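Let me begin by presenting the structure, written as structure tokens, before commenting on it.
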Amino acid sequence: MNIQQTDKTGSIEIAGHENKEARHPKDPSAQSAPSRLTRRAFLRATAVSAAALAVGSVPASLAAGGGGGGGGGTVTRYPLRIPLTFSPSNYSLTAAPGAADLGGGKFSSVLAYNSLFPGPTFQANKGDSASISFTNGLSEATTIHWHGMIAPTNADGQPQDLVAPGGGKSYQFPIIQRACLNWYHPHPHMATGKQVVLGLAGAFIVNDAEEAALGLPSGAHELPLIVRDANFDRAGNLIYNPTSSGYLAKNPMVNGTRDPYLNVDTALYRFRVLNGASARLFKIALNNGAPFTLIGNDGGLLETAVQVSQIEFSPGERLDLLVDFRGLSVGTKVMLQDLNAGWNLLEFNVTQGVTDNYAIPTTLSTITKLSNPVTTRSFSFDGMTRINGKEYDLNRIDFQVPFGQTELWRFTTNGNAPHPVHIHGASFQVQSRTGGRGVLFPWERGWKDTVLLNDRETVEVLIRFDGYRGRYLIHCHKLEHEDQGMMSNFVVS
Ligand code: C2O
Ligand code: CU
């Protein structure tokens with residue numbers, strides 16, 4: 001599998017940036033049966049590496065490699081990888097062990113979609129259809145969930161619809177929602193954390209006419225940033241060594257690049273940011289004190305742009321940010337930082353002067369407010385494994401939601417946060433937060449599909465399922481909590 005084979009007419013390649021392609025190690029044919037992971041096995045797991053999930057073996061060059069970064073001393077920075085972009089119509093996607101250059105020219109074993117780490121970025125317009133022919137080249141079962149896409153149950157990649165190793169599935173769904181940044185990742189019960197952390201995730205951008213009319217920065221001035229943390233073994237291979245409370249790894253990584261930099265023009269940039277970590281909250285800021293102009297989040301554009309200098313967001317949440325490098329002189333460096341961990345995430349090097357007179361529109365979009373909920377439902381996120389006292393059961397449906405009815409859903413927790421609450425099948429509008437941080441933040445306006453529930457908080461949202469009838473999920477997007485059972489099935493009927 002290589003880029004050329006999968007490139008389809010109409011696909012878009014972002015030019016002018018490093019596109020490092022992962023290599024593919026060995027032939028994924030002779031692997032044993034799917035490993036069924038029990039909860040106990042999950043908790044017992046100390047370290048799983050992508051190589052351990054590889055079929056056959058890891059290239060000798062990997063085994064022989066040293067270092068992989070970390071440690072003290074001067075930080076060498078590497079060009080930010082920009083994932084290749086493709087149309088999701090008639091696209092073939094394979095999940096398999098692969099090897100990726102995380103920055104230094106040395107290849108690390110990862111799990112990859114089409115040998116790309118992160119996976120290919122899909123880009124489509126509202127009204128298009130996604131038609132993805134998926135092949136599972138892993139040594140265990142998987143699914144693909146299209147996080148944020150409103151997809152029918154049979155295309156939603158839920159844990160019930162496992163694709164066996166060597167098997168395949170055609171994921172087909174029309175793109176019925178407004179412009180936004182979504183993403184895709186595996187969703188097999190008890191193995192989501194491992195598969196995502198070892199590399200299986202990619203961006204899915206939806207565009208529409210409302211967004212296009214704004215003339216926002218595009219082309220080389222619009223980039224996805226998938227921010228996450230990662231641990232490595234001595235040879236620099238990605239590993240997954242979780243604890244049940246949530247996986248906090250030691251190194252930041254953006255778009256699969258360690259210690260990245262990006263050369264920028266003196267222009268306004270649009271960054272489509274995803275927290276792709278398993279459990280970590282990032283609190284991002286620019287080290288020159290300049291604010292971000294926040295224009296959108298999970299469910300697309302906000303009604304109005306707002307300037308914010310720090311944004312804390314949880315796994316699964318997205319941000320649509322404008323960053324203004326106009327007025328900076330060539331040679332200036334600006335660091336995107338995570339104030340929580342004290343990490344330097346991405347260094348912007350202003351390398352080229354250009355003219356950019358774009359004026360950020362004051363009105364971005366119109367959002368019809370949900371109102372007058374018919375029913376209230378409460379969800380208590382208990383411990384690290386339960387919702388309303390129950391661990392997930394693949395075969396149990398916990399409640400029924402009438403199609404097209406506006407409801408108020410109330411999320412509470414006493415501890416073990418962060419619990420990023422994520423719902424499949426519909427977006428919601430956040431109404432209030434009491435306890436804990438006690439306020440709503442600018443990036444929680446508009447449409448959301450994931451909202452951060454921190455310790456002792458109660459968060460209320462309004463939601464209406466008007467896409468499809470069928471089975472959907474609500475769960476904690478801290479992947480270790482999700483894998484341990486903090487997830488619930490419901491049916492829209
Ligand atoms: Cu991003 Cu149900 O998940
Ligand atoms: Cu949780």
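Letters for chains follow the order of the structure tokens (A, B, ...), residue numbers begin at 1 for each chain, and ligand numbers begin at 1 in the order shown.
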Using only C-alpha atoms and all ligand atoms, find each residue in chain A having at least one atom no more than 7 Å away from ligand 1; report its shortest atom-to-atom pair and that distance in Å (one decimal), rows by chain then rising number, as a tab-separated table.
```
residue	atom	partner	partner_atom_place_in_ligand_line	distance
A:His145	CA	ligand 1	3 (O)	6.5
A:His147	CA	ligand 1	1 (Cu)	4.7
A:His185	CA	ligand 1	1 (Cu)	6.6
A:His187	CA	ligand 1	2 (Cu)	6.5
A:Gly316	CA	ligand 1	1 (Cu)	5.7
A:His422	CA	ligand 1	2 (Cu)	6.5
A:Ile423	CA	ligand 1	2 (Cu)	6.8
A:His424	CA	ligand 1	2 (Cu)	6.2
A:Leu473	CA	ligand 1	2 (Cu)	6.5
A:His475	CA	ligand 1	2 (Cu)	6.4
A:His477	CA	ligand 1	3 (O)	6.4
```
Selected residues, all heavy atoms, written as a compact mmCIF listing (two decimals), in the first residue's frame, please.
```txt
# COMPACT_ATOMS: atom_id res chain seq x y z
N HIS A 145 -14.31 4.46 14.03
CA HIS A 145 -15.37 5.38 14.41
C HIS A 145 -15.04 6.76 13.84
O HIS A 145 -13.90 7.20 13.91
CB HIS A 145 -15.51 5.45 15.93
CG HIS A 145 -16.41 6.56 16.37
ND1 HIS A 145 -17.71 6.67 15.94
CD2 HIS A 145 -16.19 7.64 17.17
CE1 HIS A 145 -18.25 7.77 16.47
NE2 HIS A 145 -17.35 8.36 17.22
N HIS A 147 -15.47 10.11 14.56
CA HIS A 147 -15.82 10.94 15.71
C HIS A 147 -16.31 12.31 15.25
O HIS A 147 -15.58 13.06 14.61
CB HIS A 147 -14.58 11.08 16.61
CG HIS A 147 -14.78 11.89 17.85
ND1 HIS A 147 -14.37 11.46 19.10
CD2 HIS A 147 -15.34 13.11 18.04
CE1 HIS A 147 -14.68 12.39 19.99
NE2 HIS A 147 -15.26 13.40 19.38
N HIS A 185 -10.92 7.14 14.43
CA HIS A 185 -10.03 6.31 15.26
C HIS A 185 -10.73 4.99 15.57
O HIS A 185 -11.94 4.88 15.42
CB HIS A 185 -9.67 7.07 16.55
CG HIS A 185 -10.84 7.40 17.43
ND1 HIS A 185 -11.47 6.46 18.23
CD2 HIS A 185 -11.52 8.55 17.65
CE1 HIS A 185 -12.46 7.03 18.90
NE2 HIS A 185 -12.52 8.30 18.56
N HIS A 187 -12.43 1.85 17.72
CA HIS A 187 -13.36 1.87 18.85
C HIS A 187 -13.70 0.46 19.32
O HIS A 187 -14.84 0.19 19.70
CB HIS A 187 -14.65 2.59 18.41
CG HIS A 187 -15.31 3.43 19.45
ND1 HIS A 187 -15.68 2.95 20.70
CD2 HIS A 187 -15.69 4.73 19.43
CE1 HIS A 187 -16.27 3.93 21.38
NE2 HIS A 187 -16.28 5.03 20.64
N GLY A 316 -10.38 14.45 22.48
CA GLY A 316 -11.54 14.39 21.60
C GLY A 316 -12.06 15.75 21.21
O GLY A 316 -12.76 15.89 20.20
N HIS A 422 -18.34 12.26 25.70
CA HIS A 422 -18.54 12.27 24.24
C HIS A 422 -19.81 11.49 23.89
O HIS A 422 -20.07 10.43 24.47
CB HIS A 422 -17.34 11.65 23.53
CG HIS A 422 -17.55 11.44 22.06
ND1 HIS A 422 -17.97 12.45 21.21
CD2 HIS A 422 -17.40 10.34 21.27
CE1 HIS A 422 -18.07 11.96 19.97
NE2 HIS A 422 -17.74 10.69 19.99
N ILE A 423 -20.55 12.02 22.94
CA ILE A 423 -21.79 11.38 22.49
C ILE A 423 -21.71 11.14 20.99
O ILE A 423 -21.28 12.03 20.23
CB ILE A 423 -23.00 12.26 22.85
CG1 ILE A 423 -23.08 12.43 24.38
CG2 ILE A 423 -24.29 11.64 22.32
CD1 ILE A 423 -24.11 13.45 24.84
N HIS A 424 -22.11 9.96 20.58
CA HIS A 424 -22.22 9.64 19.15
C HIS A 424 -23.63 9.99 18.66
O HIS A 424 -24.59 9.89 19.41
CB HIS A 424 -22.03 8.14 18.90
CG HIS A 424 -20.69 7.59 19.21
ND1 HIS A 424 -20.16 6.52 18.52
CD2 HIS A 424 -19.75 7.93 20.12
CE1 HIS A 424 -18.96 6.22 19.00
NE2 HIS A 424 -18.69 7.06 19.98
N LEU A 473 -23.72 5.74 21.29
CA LEU A 473 -22.96 5.59 22.53
C LEU A 473 -22.78 6.93 23.23
O LEU A 473 -22.67 7.98 22.57
CB LEU A 473 -21.54 5.09 22.21
CG LEU A 473 -21.37 3.66 21.72
CD1 LEU A 473 -19.99 3.49 21.09
CD2 LEU A 473 -21.53 2.70 22.88
N HIS A 475 -19.94 8.07 26.21
CA HIS A 475 -18.82 7.52 26.98
C HIS A 475 -17.82 8.59 27.37
O HIS A 475 -17.85 9.71 26.88
CB HIS A 475 -18.11 6.40 26.20
CG HIS A 475 -17.46 6.82 24.91
ND1 HIS A 475 -16.18 7.32 24.86
CD2 HIS A 475 -17.90 6.81 23.63
CE1 HIS A 475 -15.87 7.57 23.59
NE2 HIS A 475 -16.90 7.28 22.83
N HIS A 477 -14.22 9.98 27.13
CA HIS A 477 -13.18 9.89 26.10
C HIS A 477 -11.77 9.85 26.67
O HIS A 477 -10.79 9.94 25.93
CB HIS A 477 -13.33 11.01 25.07
CG HIS A 477 -12.99 10.59 23.67
ND1 HIS A 477 -11.71 10.33 23.26
CD2 HIS A 477 -13.78 10.32 22.61
CE1 HIS A 477 -11.73 9.97 21.99
NE2 HIS A 477 -12.97 9.95 21.57
```
Original post:
Which protein, DNA or RNA residues have an atom within 8 Å of ligand 2, counting only C-alpha atoms and all ligand atoms, as a list of chain:residue names?
Top reply: A:Phe381, A:Gly383, A:Met384, A:Thr385, A:Asn416, A:Ala417, A:Pro418, A:His419, A:Pro420, A:Val421, A:His475, A:Cys476, A:His477, A:Lys478, A:Leu479, A:Glu480, A:His481, A:Glu482, A:Met486
Quick one: contact table of region 309-381 of chain A to region 245-251 of chain A, 12 Å max, nearest atom pair and distance in Å to one decimal per residue, counting only C-alpha atoms, chain and number order, as a Markdown table?
```
| residue | atom | partner | partner_atom | distance |
| --- | --- | --- | --- | --- |
| A:Pro315 | CA | A:Gly246 | CA | 11.2 |
| A:Asp338 | CA | A:Asn251 | CA | 11.6 |
| A:Asn340 | CA | A:Leu248 | CA | 12.0 |
| A:Ala341 | CA | A:Lys250 | CA | 9.3 |
| A:Gly342 | CA | A:Asn251 | CA | 11.0 |
| A:Trp343 | CA | A:Asn251 | CA | 8.4 |
| A:Asn344 | CA | A:Asn251 | CA | 10.0 |
| A:Leu345 | CA | A:Asn251 | CA | 9.5 |
```
Original post:
Which is closer to Ala220 (chain A) than all the others in A:Gln123, A:Asn414, A:Asn263, A:Thr366, using only C-alpha atoms?
Top reply: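 So, comparing all the options, the nearest one is A:Asn263.
For the atom pair formed by CA of Gly300 (chain A) and CA of Ile360 (chain A), the distance is 16.2 Å, given to one decimal.
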**OP:** Grab the CA of Asp393 (chain A) to CA of Tyr468 (chain A) distance for me, in Å with one decimal place.
**Re:**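 Distance between the two atoms: 22.4 Å.
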Original post:
Between A:Arg456, A:Arg386, A:Arg258, A:Arg445, which one has atoms that come closest to Ala100 (chain A), using only C-alpha atoms?
Top reply: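 Using only C-alpha atoms, the shortest distance to Ala100 (chain A) belongs to A:Arg258.
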Original post:
Could you pull the residues within 8 Å of Leu162 (chain A), counting only C-alpha atoms, minus those fewer than 3 positions along the same chain, as a PyMOL selection string?
Top reply: chain A and resi 141-143+157-159+188
**OP:** Measuring atom to atom with only C-alpha atoms, identify which of A:Leu80, A:Ala99, A:Val196, A:Leu302 is nearest to Glu444 (chain A).
**Re:**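 Closest to Glu444 (chain A) of all the choices is A:Leu302.
If you count only C-alpha atoms and ignore residues fewer than 6 places along the chain from Glu460 (chain A), what sits within 10 Å of it is Thr376, Arg377, Ser378, Leu408, Trp409, Arg410, Phe411, Thr412, Phe428, Gln429, Val430, Gln431, Ser432, Arg433, Thr434 and Val451 of chain A.
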Subject >> Among listed residues A:Arg77, A:Ser109, A:Gly467, A:His189, nearest Gln177 (chain A) (using only C-alpha atoms) >> reply: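 Of A:Arg77, A:Ser109, A:Gly467, A:His189, the one nearest Gln177 (chain A) is A:Gly467, counting only C-alpha atoms.
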Original post:
If we count only C-alpha atoms, what is near Gly435 (chain A) at a cut-off of 9 Å, once residues fewer than 2 positions away on the same chain are taken out, given as a list in words?
Top reply: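 Contacts, in chain order: Arg433, Arg437, Gly438, Val439, Asp455, Arg456, Glu457, Thr458 and Val459 of chain A.
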Save out the residues we just selected, all heavy atoms, as a PDB file, in the first residue's frame.
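The result, written out as part-v2.pdb:
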```
ATOM      1  N   ARG A 433     -22.311  24.949  33.589  1.00  0.00           N
ATOM      2  CA  ARG A 433     -21.398  24.149  34.412  1.00  0.00           C
ATOM      3  C   ARG A 433     -21.490  24.711  35.824  1.00  0.00           C
ATOM      4  O   ARG A 433     -21.301  25.913  36.031  1.00  0.00           O
ATOM      5  CB  ARG A 433     -19.965  24.233  33.897  1.00  0.00           C
ATOM      6  CG  ARG A 433     -18.962  23.531  34.827  1.00  0.00           C
ATOM      7  CD  ARG A 433     -17.516  23.596  34.347  1.00  0.00           C
ATOM      8  NE  ARG A 433     -17.255  22.713  33.215  1.00  0.00           N
ATOM      9  CZ  ARG A 433     -17.035  23.111  31.967  1.00  0.00           C
ATOM     10  NH1 ARG A 433     -17.036  24.394  31.674  1.00  0.00           N
ATOM     11  NH2 ARG A 433     -16.813  22.238  31.004  1.00  0.00           N
ATOM     12  N   ARG A 437     -15.015  24.131  38.122  1.00  0.00           N
ATOM     13  CA  ARG A 437     -14.599  25.402  37.516  1.00  0.00           C
ATOM     14  C   ARG A 437     -15.748  26.386  37.412  1.00  0.00           C
ATOM     15  O   ARG A 437     -15.526  27.593  37.256  1.00  0.00           O
ATOM     16  CB  ARG A 437     -13.966  25.128  36.148  1.00  0.00           C
ATOM     17  CG  ARG A 437     -12.643  24.358  36.257  1.00  0.00           C
ATOM     18  CD  ARG A 437     -12.184  23.869  34.898  1.00  0.00           C
ATOM     19  NE  ARG A 437     -13.124  22.907  34.344  1.00  0.00           N
ATOM     20  CZ  ARG A 437     -13.229  22.617  33.047  1.00  0.00           C
ATOM     21  NH1 ARG A 437     -12.453  23.246  32.177  1.00  0.00           N
ATOM     22  NH2 ARG A 437     -14.108  21.722  32.640  1.00  0.00           N
ATOM     23  N   GLY A 438     -16.984  25.899  37.440  1.00  0.00           N
ATOM     24  CA  GLY A 438     -18.156  26.756  37.631  1.00  0.00           C
ATOM     25  C   GLY A 438     -18.545  27.709  36.501  1.00  0.00           C
ATOM     26  O   GLY A 438     -19.465  28.499  36.675  1.00  0.00           O
ATOM     27  N   VAL A 439     -17.877  27.644  35.369  1.00  0.00           N
ATOM     28  CA  VAL A 439     -18.215  28.554  34.265  1.00  0.00           C
ATOM     29  C   VAL A 439     -18.161  27.785  32.945  1.00  0.00           C
ATOM     30  O   VAL A 439     -17.589  26.701  32.869  1.00  0.00           O
ATOM     31  CB  VAL A 439     -17.211  29.742  34.150  1.00  0.00           C
ATOM     32  CG1 VAL A 439     -17.330  30.672  35.341  1.00  0.00           C
ATOM     33  CG2 VAL A 439     -15.769  29.225  34.017  1.00  0.00           C
ATOM     34  N   ASP A 455     -13.564  17.335  38.047  1.00  0.00           N
ATOM     35  CA  ASP A 455     -13.984  16.882  39.378  1.00  0.00           C
ATOM     36  C   ASP A 455     -15.047  17.786  39.986  1.00  0.00           C
ATOM     37  O   ASP A 455     -14.932  19.006  39.952  1.00  0.00           O
ATOM     38  CB  ASP A 455     -12.778  16.812  40.314  1.00  0.00           C
ATOM     39  CG  ASP A 455     -11.925  15.581  40.040  1.00  0.00           C
ATOM     40  OD1 ASP A 455     -12.434  14.614  39.451  1.00  0.00           O
ATOM     41  OD2 ASP A 455     -10.730  15.602  40.419  1.00  0.00           O
ATOM     42  N   ARG A 456     -16.062  17.178  40.536  1.00  0.00           N
ATOM     43  CA  ARG A 456     -17.162  17.834  41.261  1.00  0.00           C
ATOM     44  C   ARG A 456     -17.974  18.788  40.382  1.00  0.00           C
ATOM     45  O   ARG A 456     -18.656  19.656  40.880  1.00  0.00           O
ATOM     46  CB  ARG A 456     -16.641  18.564  42.511  1.00  0.00           C
ATOM     47  CG  ARG A 456     -16.112  17.600  43.580  1.00  0.00           C
ATOM     48  CD  ARG A 456     -15.484  18.326  44.739  1.00  0.00           C
ATOM     49  NE  ARG A 456     -14.358  19.141  44.314  1.00  0.00           N
ATOM     50  CZ  ARG A 456     -13.159  18.661  44.009  1.00  0.00           C
ATOM     51  NH1 ARG A 456     -12.915  17.366  44.098  1.00  0.00           N
ATOM     52  NH2 ARG A 456     -12.180  19.457  43.626  1.00  0.00           N
ATOM     53  N   GLU A 457     -17.892  18.597  39.079  1.00  0.00           N
ATOM     54  CA  GLU A 457     -18.671  19.464  38.196  1.00  0.00           C
ATOM     55  C   GLU A 457     -19.982  18.806  37.779  1.00  0.00           C
ATOM     56  O   GLU A 457     -20.081  17.573  37.692  1.00  0.00           O
ATOM     57  CB  GLU A 457     -17.868  19.812  36.932  1.00  0.00           C
ATOM     58  CG  GLU A 457     -16.689  20.727  37.237  1.00  0.00           C
ATOM     59  CD  GLU A 457     -15.908  21.162  36.009  1.00  0.00           C
ATOM     60  OE1 GLU A 457     -16.196  20.685  34.888  1.00  0.00           O
ATOM     61  OE2 GLU A 457     -14.989  21.981  36.181  1.00  0.00           O
ATOM     62  N   THR A 458     -20.948  19.670  37.495  1.00  0.00           N
ATOM     63  CA  THR A 458     -22.167  19.249  36.816  1.00  0.00           C
ATOM     64  C   THR A 458     -22.247  20.068  35.540  1.00  0.00           C
ATOM     65  O   THR A 458     -22.145  21.303  35.587  1.00  0.00           O
ATOM     66  CB  THR A 458     -23.409  19.522  37.689  1.00  0.00           C
ATOM     67  OG1 THR A 458     -23.319  18.721  38.873  1.00  0.00           O
ATOM     68  CG2 THR A 458     -24.688  19.172  36.942  1.00  0.00           C
ATOM     69  N   VAL A 459     -22.370  19.384  34.416  1.00  0.00           N
ATOM     70  CA  VAL A 459     -22.473  20.068  33.125  1.00  0.00           C
ATOM     71  C   VAL A 459     -23.788  19.658  32.484  1.00  0.00           C
ATOM     72  O   VAL A 459     -24.122  18.472  32.441  1.00  0.00           O
ATOM     73  CB  VAL A 459     -21.276  19.703  32.213  1.00  0.00           C
ATOM     74  CG1 VAL A 459     -21.490  20.238  30.803  1.00  0.00           C
ATOM     75  CG2 VAL A 459     -19.970  20.240  32.794  1.00  0.00           C
TER      76      VAL A 459
END
```
Original post:
Looking at only C-alpha atoms, which of A:Gly104, A:Pro260, A:Gly148, A:Gly327 is the one that sits closest to Ile205 (chain A)?
Top reply: A:Gly148
**OP:** Looking only at strand (DSSP E) from DSSP on the backbone, list the matching residues of region 248-451 of chain A as a ChimeraX atom specification.
**Re:** /A:251-254,260-265,268-275,282-286,292-297,300-308,311-313,318-324,333-338,343-352,375-382,386-387,397-401,406-413,419-423,428-434,450-451
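Using only C-alpha atoms, the shortest contact distance between Val330 (chain A) and any of A:Thr304, A:Ser244, A:Ser218, A:Thr266 is found at A:Thr266.
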Residues of region 168-200 of chain A within 12 Å of region 276-292 of chain A: nearest atom pair and distance (Å, one decimal) for each, counting only C-alpha atoms, sorted by chain and number, as a Markdown table?
```
| residue | atom | partner | partner_atom | distance |
| --- | --- | --- | --- | --- |
| A:Asn182 | CA | A:Gly276 | CA | 11.2 |
| A:Trp183 | CA | A:Gly276 | CA | 9.1 |
| A:Tyr184 | CA | A:Gly276 | CA | 10.2 |
| A:His185 | CA | A:Gly276 | CA | 9.7 |
| A:Thr192 | CA | A:Ser278 | CA | 9.4 |
| A:Gly193 | CA | A:Ser278 | CA | 6.5 |
| A:Lys194 | CA | A:Ser278 | CA | 9.1 |
| A:Gln195 | CA | A:Ser278 | CA | 10.5 |
| A:Val196 | CA | A:Ser278 | CA | 7.8 |
| A:Val197 | CA | A:Ser278 | CA | 6.8 |
| A:Leu198 | CA | A:Ser278 | CA | 10.6 |
| A:Gly199 | CA | A:Gly276 | CA | 10.0 |
| A:Leu200 | CA | A:Gly276 | CA | 10.2 |
```
Would you export the selected residues with N, CA, C and O atoms as a PDB file, in the first residue's frame, please?
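Dumped to selection-v2.pdb:
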```pdb
ATOM      1  N   ASN A 182     -13.584  16.964  12.199  1.00  0.00           N
ATOM      2  CA  ASN A 182     -13.837  15.725  12.933  1.00  0.00           C
ATOM      3  C   ASN A 182     -12.588  14.866  12.876  1.00  0.00           C
ATOM      4  O   ASN A 182     -11.554  15.286  12.373  1.00  0.00           O
ATOM      5  N   TRP A 183     -12.707  13.645  13.352  1.00  0.00           N
ATOM      6  CA  TRP A 183     -11.547  12.749  13.267  1.00  0.00           C
ATOM      7  C   TRP A 183     -12.017  11.312  13.317  1.00  0.00           C
ATOM      8  O   TRP A 183     -13.209  11.053  13.534  1.00  0.00           O
ATOM      9  N   TYR A 184     -11.098  10.407  13.040  1.00  0.00           N
ATOM     10  CA  TYR A 184     -11.471   8.987  13.034  1.00  0.00           C
ATOM     11  C   TYR A 184     -10.431   8.201  13.799  1.00  0.00           C
ATOM     12  O   TYR A 184      -9.246   8.545  13.833  1.00  0.00           O
ATOM     13  N   HIS A 185     -10.918   7.140  14.433  1.00  0.00           N
ATOM     14  CA  HIS A 185     -10.035   6.313  15.263  1.00  0.00           C
ATOM     15  C   HIS A 185     -10.728   4.987  15.566  1.00  0.00           C
ATOM     16  O   HIS A 185     -11.939   4.876  15.416  1.00  0.00           O
ATOM     17  N   THR A 192      -9.393   0.307  22.575  1.00  0.00           N
ATOM     18  CA  THR A 192      -9.347   1.609  21.900  1.00  0.00           C
ATOM     19  C   THR A 192      -8.105   2.394  22.303  1.00  0.00           C
ATOM     20  O   THR A 192      -7.389   2.930  21.455  1.00  0.00           O
ATOM     21  N   GLY A 193      -7.832   2.447  23.606  1.00  0.00           N
ATOM     22  CA  GLY A 193      -6.672   3.217  24.084  1.00  0.00           C
ATOM     23  C   GLY A 193      -5.392   2.761  23.423  1.00  0.00           C
ATOM     24  O   GLY A 193      -4.618   3.557  22.885  1.00  0.00           O
ATOM     25  N   LYS A 194      -5.182   1.461  23.438  1.00  0.00           N
ATOM     26  CA  LYS A 194      -3.949   0.921  22.868  1.00  0.00           C
ATOM     27  C   LYS A 194      -3.816   1.255  21.379  1.00  0.00           C
ATOM     28  O   LYS A 194      -2.772   1.729  20.929  1.00  0.00           O
ATOM     29  N   GLN A 195      -4.890   1.038  20.635  1.00  0.00           N
ATOM     30  CA  GLN A 195      -4.785   1.237  19.179  1.00  0.00           C
ATOM     31  C   GLN A 195      -4.637   2.710  18.808  1.00  0.00           C
ATOM     32  O   GLN A 195      -3.912   3.057  17.871  1.00  0.00           O
ATOM     33  N   VAL A 196      -5.319   3.575  19.553  1.00  0.00           N
ATOM     34  CA  VAL A 196      -5.199   5.008  19.261  1.00  0.00           C
ATOM     35  C   VAL A 196      -3.806   5.502  19.648  1.00  0.00           C
ATOM     36  O   VAL A 196      -3.130   6.180  18.869  1.00  0.00           O
ATOM     37  N   VAL A 197      -3.374   5.127  20.843  1.00  0.00           N
ATOM     38  CA  VAL A 197      -2.084   5.614  21.312  1.00  0.00           C
ATOM     39  C   VAL A 197      -0.946   5.102  20.420  1.00  0.00           C
ATOM     40  O   VAL A 197       0.023   5.808  20.160  1.00  0.00           O
ATOM     41  N   LEU A 198      -1.084   3.896  19.915  1.00  0.00           N
ATOM     42  CA  LEU A 198      -0.023   3.367  19.057  1.00  0.00           C
ATOM     43  C   LEU A 198      -0.080   3.946  17.646  1.00  0.00           C
ATOM     44  O   LEU A 198       0.764   3.624  16.817  1.00  0.00           O
ATOM     45  N   GLY A 199      -1.076   4.785  17.378  1.00  0.00           N
ATOM     46  CA  GLY A 199      -0.975   5.556  16.133  1.00  0.00           C
ATOM     47  C   GLY A 199      -2.207   5.673  15.263  1.00  0.00           C
ATOM     48  O   GLY A 199      -2.178   6.403  14.271  1.00  0.00           O
ATOM     49  N   LEU A 200      -3.279   4.952  15.570  1.00  0.00           N
ATOM     50  CA  LEU A 200      -4.409   4.951  14.641  1.00  0.00           C
ATOM     51  C   LEU A 200      -5.359   6.116  14.910  1.00  0.00           C
ATOM     52  O   LEU A 200      -6.236   6.041  15.778  1.00  0.00           O
TER      53      LEU A 200
END
```
